[in-house]
>>> print(open('work-v1.tsv').read())   # TSV, C-alpha atoms
chain	number	residue	atom	x	y	z
A	19	MET	CA	3.90	-0.94	37.14
A	20	ARG	CA	1.54	0.36	34.47
A	21	ASN	CA	2.23	-0.08	30.81
A	22	GLN	CA	2.45	3.38	29.27
A	23	LEU	CA	2.36	4.09	25.58
A	24	SER	CA	5.19	6.12	24.19
A	25	SER	CA	4.27	9.68	23.29
A	26	ARG	CA	6.44	9.36	20.17
A	27	PRO	CA	4.63	7.87	17.20
A	28	PRO	CA	6.31	4.91	15.50
A	29	ARG	CA	8.68	5.59	12.63
A	30	PRO	CA	7.44	4.74	9.16
A	31	ASN	CA	8.82	1.38	8.10
A	32	LEU	CA	8.59	1.75	4.31
A	33	ASN	CA	10.33	3.96	1.80
A	34	PRO	CA	7.65	6.16	0.15
A	35	LEU	CA	9.20	5.55	-3.27
A	36	SER	CA	8.25	1.87	-2.99
A	37	LEU	CA	4.51	2.71	-2.94
A	38	PRO	CA	3.81	2.08	-6.66
A	39	LYS	CA	5.42	-1.37	-6.58
A	40	LEU	CA	3.97	-2.37	-3.22
A	41	ALA	CA	0.45	-1.05	-3.78
A	42	LEU	CA	0.15	-2.92	-7.06
A	43	ALA	CA	1.98	-6.06	-5.90
A	44	GLY	CA	-1.22	-8.07	-5.45
A	45	ARG	CA	-2.36	-8.18	-1.81
A	46	ALA	CA	-1.09	-4.99	-0.19
A	47	VAL	CA	-2.32	-3.69	3.15
A	48	LEU	CA	-0.70	-0.32	3.80
A	49	THR	CA	-1.26	2.40	6.36
A	50	PHE	CA	-0.71	6.06	5.57
A	51	ARG	CA	-0.14	8.37	8.54
A	52	ASN	CA	-0.27	12.13	8.18
A	53	LEU	CA	2.85	13.21	10.06
A	54	SER	CA	1.61	16.70	10.90
A	55	GLU	CA	-1.95	15.84	12.01
A	56	GLY	CA	-1.39	12.33	13.36
A	57	SER	CA	-4.42	10.97	11.47
A	58	HIS	CA	-4.16	7.78	9.45
A	59	MET	CA	-5.95	5.50	7.03
A	60	THR	CA	-5.41	1.87	6.15
A	61	VAL	CA	-5.76	0.71	2.56
A	62	LYS	CA	-6.12	-2.80	1.19
A	63	ILE	CA	-5.43	-3.16	-2.53
A	64	LYS	CA	-6.23	-6.61	-3.90
A	65	GLN	CA	-5.51	-7.74	-7.44
A	66	LEU	CA	-8.21	-9.68	-9.27
A	67	ARG	CA	-7.64	-13.09	-10.82
A	68	ASP	CA	-9.10	-14.56	-13.99
A	69	LYS	CA	-12.24	-16.60	-13.24
A	70	GLN	CA	-11.24	-19.54	-15.49
A	71	ASP	CA	-7.49	-19.59	-14.79
A	72	ARG	CA	-7.04	-18.58	-11.13
A	73	LYS	CA	-3.26	-18.33	-11.58
A	74	LYS	CA	-3.62	-15.51	-14.10
A	75	LEU	CA	-3.59	-12.05	-12.50
A	76	LEU	CA	-5.60	-9.27	-14.11
A	77	PRO	CA	-4.50	-5.60	-14.19
A	78	ILE	CA	-7.52	-4.70	-12.05
A	79	PHE	CA	-7.44	-3.97	-8.32
A	80	TYR	CA	-10.16	-3.61	-5.69
A	81	VAL	CA	-9.40	-0.84	-3.20
A	82	TYR	CA	-10.76	-0.98	0.35
A	83	ILE	CA	-10.14	1.90	2.74
A	84	SER	CA	-10.54	2.21	6.48
A	85	LEU	CA	-10.75	5.86	7.43
A	86	LEU	CA	-10.07	5.44	11.11
A	87	GLN	CA	-11.33	8.30	13.22
A	88	ASP	CA	-14.62	8.43	11.31
A	89	GLY	CA	-16.53	6.52	13.98
A	90	ARG	CA	-16.66	3.29	11.99
A	91	THR	CA	-14.63	0.14	11.98
A	92	GLY	CA	-13.52	-2.09	9.16
A	93	MET	CA	-12.70	-1.63	5.53
A	94	GLU	CA	-15.11	-0.07	3.07
A	95	PHE	CA	-15.02	-0.79	-0.65
A	96	ALA	CA	-13.91	2.48	-2.26
A	97	GLY	CA	-13.63	1.44	-5.88
A	98	THR	CA	-11.77	-0.33	-8.64
A	99	LEU	CA	-8.36	0.72	-9.95
A	100	PHE	CA	-7.39	-0.16	-13.52
A	101	GLN	CA	-3.59	-0.49	-13.65
A	102	GLU	CA	-3.07	0.15	-17.36
A	103	THR	CA	-4.76	3.56	-17.35
A	104	MET	CA	-4.56	4.30	-13.58
A	105	GLU	CA	-8.24	5.23	-13.79
A	106	THR	CA	-10.69	4.43	-11.02
A	107	LYS	CA	-14.34	3.49	-10.85
A	108	LEU	CA	-15.98	4.42	-7.58
A	109	GLY	CA	-17.81	1.75	-5.63
A	110	ARG	CA	-21.59	1.69	-5.37
A	111	GLY	CA	-22.77	4.49	-3.13
A	112	VAL	CA	-19.38	6.23	-3.03
A	113	GLN	CA	-19.53	9.84	-4.14
A	114	ALA	CA	-16.49	11.56	-5.67
A	115	ASP	CA	-16.67	14.35	-3.08
A	116	SER	CA	-17.12	12.04	-0.08
A	117	ARG	CA	-14.23	11.27	2.29
A	118	LEU	CA	-13.93	7.80	0.79
A	119	GLY	CA	-13.94	9.11	-2.79
A	120	ARG	CA	-11.36	11.80	-2.00
A	121	ALA	CA	-9.19	9.24	-0.20
A	122	LEU	CA	-9.27	6.92	-3.22
A	123	ASN	CA	-8.26	9.75	-5.56
A	124	TRP	CA	-5.45	10.77	-3.20
A	125	ILE	CA	-4.15	7.17	-3.04
A	126	VAL	CA	-4.10	6.91	-6.83
A	127	SER	CA	-2.25	10.22	-7.11
A	128	ALA	CA	0.27	9.00	-4.51
A	129	ILE	CA	0.78	5.77	-6.49
A	130	LYS	CA	1.38	7.84	-9.63
A	131	ASN	CA	3.76	10.23	-7.84
A	132	PRO	CA	5.07	8.88	-4.51
A	133	GLU	CA	7.20	12.01	-3.98
A	134	ILE	CA	4.09	13.72	-2.53
A	135	LEU	CA	4.46	11.44	0.51
A	136	ARG	CA	8.04	12.42	1.36
A	137	GLY	CA	8.19	14.33	4.62
A	138	ARG	CA	4.39	14.55	4.95
A	139	VAL	CA	3.03	11.02	5.13
A	140	GLY	CA	4.51	7.96	6.81
A	141	LEU	CA	4.00	4.64	5.05
A	142	PHE	CA	3.61	1.41	7.06
A	143	HIS	CA	2.85	-2.23	6.32
A	144	GLU	CA	1.21	-4.73	8.65
A	145	GLY	CA	3.86	-7.46	8.63
A	146	LYS	CA	2.43	-9.40	5.70
A	147	CYS	CA	3.87	-9.73	2.22
A	148	CYS	CA	2.30	-7.19	-0.16
A	149	LYS	CA	2.49	-9.74	-2.98
A	150	CYS	CA	1.11	-12.98	-1.51
A	151	GLY	CA	-0.33	-11.86	1.84
A	152	LEU	CA	1.63	-14.37	3.95
A	153	PRO	CA	3.17	-13.25	7.27
A	154	LEU	CA	6.72	-11.94	6.99
A	155	THR	CA	9.08	-14.09	9.01
A	156	HIS	CA	12.42	-13.18	7.41
A	157	PRO	CA	14.00	-10.17	9.24
A	158	GLU	CA	15.13	-8.41	6.04
A	159	SER	CA	11.57	-8.59	4.70
A	160	ILE	CA	10.43	-5.86	7.10
A	161	HIS	CA	12.25	-3.20	5.03
A	162	THR	CA	10.72	-4.33	1.76
A	163	ALA	CA	7.24	-5.56	2.83
A	164	LEU	CA	7.85	-8.52	0.54
A	165	GLY	CA	8.91	-12.04	1.46
A	166	PRO	CA	12.21	-13.30	0.02
A	167	VAL	CA	10.58	-15.44	-2.67
A	168	CYS	CA	8.16	-12.69	-3.80
A	169	LEU	CA	10.95	-10.09	-3.75
A	170	GLU	CA	13.16	-12.34	-5.88
A	171	ARG	CA	10.34	-12.77	-8.40
A	172	MET	CA	9.63	-9.03	-8.50
A	173	VAL	CA	13.34	-8.20	-8.93
A	174	ALA	CA	13.56	-10.69	-11.82
A	175	ALA	CA	10.52	-9.07	-13.46
A	176	ALA	CA	12.00	-5.60	-12.88
A	177	GLN	CA	15.28	-6.61	-14.52
A	178	ARG	CA	13.33	-7.61	-17.61
A	179	GLU	CA	11.82	-4.12	-17.56
A	180	GLU	CA	15.24	-2.55	-16.76
A	181	PHE	CA	13.92	-1.09	-13.51
A	182	ASN	CA	16.28	-0.36	-10.55
A	183	PHE	CA	14.66	-2.03	-7.54
A	184	SER	CA	17.42	-1.31	-5.03
A	185	GLU	CA	16.78	2.45	-4.88
A	186	ILE	CA	13.12	2.24	-3.89
A	187	PHE	CA	13.68	-0.42	-1.27
A	188	LYS	CA	16.32	1.41	0.73
A	189	PRO	CA	15.37	1.17	4.39
A	190	VAL	CA	13.70	4.29	5.78
A	191	GLU	CA	16.53	4.72	8.33
A	192	SER	CA	18.99	5.43	5.51
A	193	ILE	CA	16.87	8.05	3.76
>>> encode(input="work-v1.tsv", output="structure tokens")
Amino acid sequence: MRNQLSSRPPRPNLNPLSLPKLALAGRAVLTFRNLSEGSHMTVKIKQLRDKQDRKKLLPIFYVYISLLQDGRTGMEFAGTLFQETMETKLGRGVQADSRLGRALNWIVSAIKNPEILRGRVGLFHEGKCCKCGLPLTHPESIHTALGPVCLERMVAAAQREEFNFSEIFKPVESI
């Protein structure tokens, strides 16, 4: 018997409203799938650490994008995202009007306003914690893309900021 792939694409496994928290968690690898065209891109957003004190995280992120279906493989450095201003600096050789430059700008606009994803773009994670990058082994972690320890720490930080975490981490099935 041959193994046949299902003609139905997989369901997104992340709530689009969680994008700002997940993308800027520290070590996020997320896939965006255009629901109408079926195209997709994978994005790795990695937070920088202080050179002297490696435990101190900086509000600066490197953004790598893999535009699958462009004939290439692997991630390409798209640019740097500065969290405080949500401004970007394009990587060397990346033009603002190139596919990579446009993708970076679109990702930043989606982080600023995740509502643009709803109904148009499916959001997936690769089974690793978006905060620490370790594999997710706890079943409930699949809905949040964060391991239990990282989620607990992020919820504690959100409570200090008076942010309601439960709404953005509702499983996709209940939306």
>>> residues_around(input="work-v1.tsv", residues="stretch 61-76 of chain A", least_positions_apart="5", cutoff="12 Å", atoms="all atoms listed in the file", output="count of residues only")
48
>>> atom_distance(input="work-v1.tsv", atom1="atom CA of A:Val167", atom2="atom CA of A:Leu152")
11.2 Å
>>> atom_distance(input="work-v1.tsv", atom1="atom CA of A:Arg178", atom2="atom CA of A:Gly145")
27.9 Å
>>> closest_residue(input="work-v1.tsv", among="A:Gln177, A:Arg138, A:Thr155, A:Ala114", to="A:Leu53", atoms="only C-alpha atoms")
A:Arg138
>>> axis_aligned_box(input="work-v1.tsv", around="stretch 139-150 of chain A", padding_each_side="5 Å", output="AutoDock Vina command-line options")
--center_x 2.8 --center_y -1.0 --center_z 2.8 --size_x 13.4 --size_y 34.0 --size_z 21.6
>>> atom_distance(input="work-v1.tsv", atom1="atom CA of A:Glu179", atom2="atom CA of A:Lys130")
17.7 Å
>>> closest_residue(input="work-v1.tsv", among="A:Cys168, A:Glu158, A:Gly140, A:Val173", to="A:Ser57", atoms="all atoms listed in the file")
A:Gly140
>>> closest_residue(input="work-v1.tsv", among="A:Leu169, A:Ile160, A:Ala176, A:Val139", to="A:Met59", atoms="only C-alpha atoms")
A:Val139
>>> build_atoms(input="work-v1.tsv", residues="stretch 31-62 of chain A", atoms="N, CA and C atoms", output="PDB file, in the coordinates of the input")
ATOM      1  N   ASN A  31       7.921   2.492   8.377  1.00  0.00           N
ATOM      2  CA  ASN A  31       8.820   1.380   8.100  1.00  0.00           C
ATOM      3  C   ASN A  31       8.980   1.088   6.611  1.00  0.00           C
ATOM      4  N   LEU A  32       8.443   1.947   5.746  1.00  0.00           N
ATOM      5  CA  LEU A  32       8.590   1.750   4.310  1.00  0.00           C
ATOM      6  C   LEU A  32       9.063   3.025   3.626  1.00  0.00           C
ATOM      7  N   ASN A  33       9.886   2.851   2.632  1.00  0.00           N
ATOM      8  CA  ASN A  33      10.330   3.960   1.800  1.00  0.00           C
ATOM      9  C   ASN A  33       9.141   4.416   0.948  1.00  0.00           C
ATOM     10  N   PRO A  34       8.803   5.695   0.953  1.00  0.00           N
ATOM     11  CA  PRO A  34       7.650   6.160   0.150  1.00  0.00           C
ATOM     12  C   PRO A  34       7.790   5.868  -1.341  1.00  0.00           C
ATOM     13  N   LEU A  35       9.022   5.813  -1.846  1.00  0.00           N
ATOM     14  CA  LEU A  35       9.200   5.550  -3.270  1.00  0.00           C
ATOM     15  C   LEU A  35       8.797   4.136  -3.669  1.00  0.00           C
ATOM     16  N   SER A  36       8.656   3.246  -2.691  1.00  0.00           N
ATOM     17  CA  SER A  36       8.250   1.870  -2.990  1.00  0.00           C
ATOM     18  C   SER A  36       6.741   1.732  -3.153  1.00  0.00           C
ATOM     19  N   LEU A  37       5.982   2.790  -2.893  1.00  0.00           N
ATOM     20  CA  LEU A  37       4.510   2.710  -2.940  1.00  0.00           C
ATOM     21  C   LEU A  37       3.968   2.156  -4.256  1.00  0.00           C
ATOM     22  N   PRO A  38       4.406   2.628  -5.438  1.00  0.00           N
ATOM     23  CA  PRO A  38       3.810   2.080  -6.660  1.00  0.00           C
ATOM     24  C   PRO A  38       3.995   0.570  -6.811  1.00  0.00           C
ATOM     25  N   LYS A  39       5.173   0.063  -6.466  1.00  0.00           N
ATOM     26  CA  LYS A  39       5.420  -1.370  -6.580  1.00  0.00           C
ATOM     27  C   LYS A  39       4.671  -2.161  -5.517  1.00  0.00           C
ATOM     28  N   LEU A  40       4.635  -1.653  -4.299  1.00  0.00           N
ATOM     29  CA  LEU A  40       3.970  -2.370  -3.220  1.00  0.00           C
ATOM     30  C   LEU A  40       2.451  -2.346  -3.365  1.00  0.00           C
ATOM     31  N   ALA A  41       1.908  -1.179  -3.681  1.00  0.00           N
ATOM     32  CA  ALA A  41       0.450  -1.050  -3.780  1.00  0.00           C
ATOM     33  C   ALA A  41      -0.110  -1.964  -4.863  1.00  0.00           C
ATOM     34  N   LEU A  42       0.638  -2.117  -5.942  1.00  0.00           N
ATOM     35  CA  LEU A  42       0.150  -2.920  -7.060  1.00  0.00           C
ATOM     36  C   LEU A  42       0.827  -4.287  -7.111  1.00  0.00           C
ATOM     37  N   ALA A  43       1.319  -4.751  -5.958  1.00  0.00           N
ATOM     38  CA  ALA A  43       1.980  -6.060  -5.900  1.00  0.00           C
ATOM     39  C   ALA A  43       0.976  -7.206  -5.948  1.00  0.00           C
ATOM     40  N   GLY A  44      -0.207  -7.009  -5.393  1.00  0.00           N
ATOM     41  CA  GLY A  44      -1.220  -8.070  -5.450  1.00  0.00           C
ATOM     42  C   GLY A  44      -2.120  -8.153  -4.239  1.00  0.00           C
ATOM     43  N   ARG A  45      -1.551  -8.049  -3.034  1.00  0.00           N
ATOM     44  CA  ARG A  45      -2.360  -8.180  -1.810  1.00  0.00           C
ATOM     45  C   ARG A  45      -1.833  -7.222  -0.745  1.00  0.00           C
ATOM     46  N   ALA A  46      -1.702  -5.974  -1.083  1.00  0.00           N
ATOM     47  CA  ALA A  46      -1.090  -4.990  -0.190  1.00  0.00           C
ATOM     48  C   ALA A  46      -2.081  -4.487   0.854  1.00  0.00           C
ATOM     49  N   VAL A  47      -1.595  -4.375   2.080  1.00  0.00           N
ATOM     50  CA  VAL A  47      -2.320  -3.690   3.150  1.00  0.00           C
ATOM     51  C   VAL A  47      -1.342  -2.665   3.710  1.00  0.00           C
ATOM     52  N   LEU A  48      -1.614  -1.396   3.436  1.00  0.00           N
ATOM     53  CA  LEU A  48      -0.700  -0.320   3.800  1.00  0.00           C
ATOM     54  C   LEU A  48      -1.426   0.720   4.645  1.00  0.00           C
ATOM     55  N   THR A  49      -0.693   1.328   5.552  1.00  0.00           N
ATOM     56  CA  THR A  49      -1.260   2.400   6.360  1.00  0.00           C
ATOM     57  C   THR A  49      -0.509   3.689   6.056  1.00  0.00           C
ATOM     58  N   PHE A  50      -1.266   4.737   5.819  1.00  0.00           N
ATOM     59  CA  PHE A  50      -0.710   6.060   5.570  1.00  0.00           C
ATOM     60  C   PHE A  50      -0.992   6.910   6.804  1.00  0.00           C
ATOM     61  N   ARG A  51       0.053   7.514   7.381  1.00  0.00           N
ATOM     62  CA  ARG A  51      -0.140   8.370   8.540  1.00  0.00           C
ATOM     63  C   ARG A  51       0.317   9.776   8.208  1.00  0.00           C
ATOM     64  N   ASN A  52      -0.592  10.735   8.370  1.00  0.00           N
ATOM     65  CA  ASN A  52      -0.270  12.130   8.180  1.00  0.00           C
ATOM     66  C   ASN A  52       0.633  12.559   9.327  1.00  0.00           C
ATOM     67  N   LEU A  53       1.863  12.923   9.017  1.00  0.00           N
ATOM     68  CA  LEU A  53       2.850  13.210  10.060  1.00  0.00           C
ATOM     69  C   LEU A  53       2.549  14.483  10.825  1.00  0.00           C
ATOM     70  N   SER A  54       1.886  15.452  10.196  1.00  0.00           N
ATOM     71  CA  SER A  54       1.610  16.700  10.900  1.00  0.00           C
ATOM     72  C   SER A  54       0.339  16.617  11.751  1.00  0.00           C
ATOM     73  N   GLU A  55      -0.684  15.921  11.280  1.00  0.00           N
ATOM     74  CA  GLU A  55      -1.950  15.840  12.010  1.00  0.00           C
ATOM     75  C   GLU A  55      -2.054  14.607  12.908  1.00  0.00           C
ATOM     76  N   GLY A  56      -1.304  13.567  12.589  1.00  0.00           N
ATOM     77  CA  GLY A  56      -1.390  12.330  13.360  1.00  0.00           C
ATOM     78  C   GLY A  56      -2.530  11.419  12.932  1.00  0.00           C
ATOM     79  N   SER A  57      -3.326  11.818  11.950  1.00  0.00           N
ATOM     80  CA  SER A  57      -4.420  10.970  11.470  1.00  0.00           C
ATOM     81  C   SER A  57      -3.854   9.898  10.541  1.00  0.00           C
ATOM     82  N   HIS A  58      -4.633   8.856  10.311  1.00  0.00           N
ATOM     83  CA  HIS A  58      -4.160   7.780   9.450  1.00  0.00           C
ATOM     84  C   HIS A  58      -5.325   7.077   8.771  1.00  0.00           C
ATOM     85  N   MET A  59      -4.977   6.352   7.706  1.00  0.00           N
ATOM     86  CA  MET A  59      -5.950   5.500   7.030  1.00  0.00           C
ATOM     87  C   MET A  59      -5.233   4.238   6.578  1.00  0.00           C
ATOM     88  N   THR A  60      -5.956   3.142   6.589  1.00  0.00           N
ATOM     89  CA  THR A  60      -5.410   1.870   6.150  1.00  0.00           C
ATOM     90  C   THR A  60      -6.086   1.489   4.845  1.00  0.00           C
ATOM     91  N   VAL A  61      -5.281   1.013   3.901  1.00  0.00           N
ATOM     92  CA  VAL A  61      -5.760   0.710   2.560  1.00  0.00           C
ATOM     93  C   VAL A  61      -5.397  -0.723   2.202  1.00  0.00           C
ATOM     94  N   LYS A  62      -6.366  -1.443   1.691  1.00  0.00           N
ATOM     95  CA  LYS A  62      -6.120  -2.800   1.190  1.00  0.00           C
ATOM     96  C   LYS A  62      -6.357  -2.760  -0.314  1.00  0.00           C
TER      97      LYS A  62
END
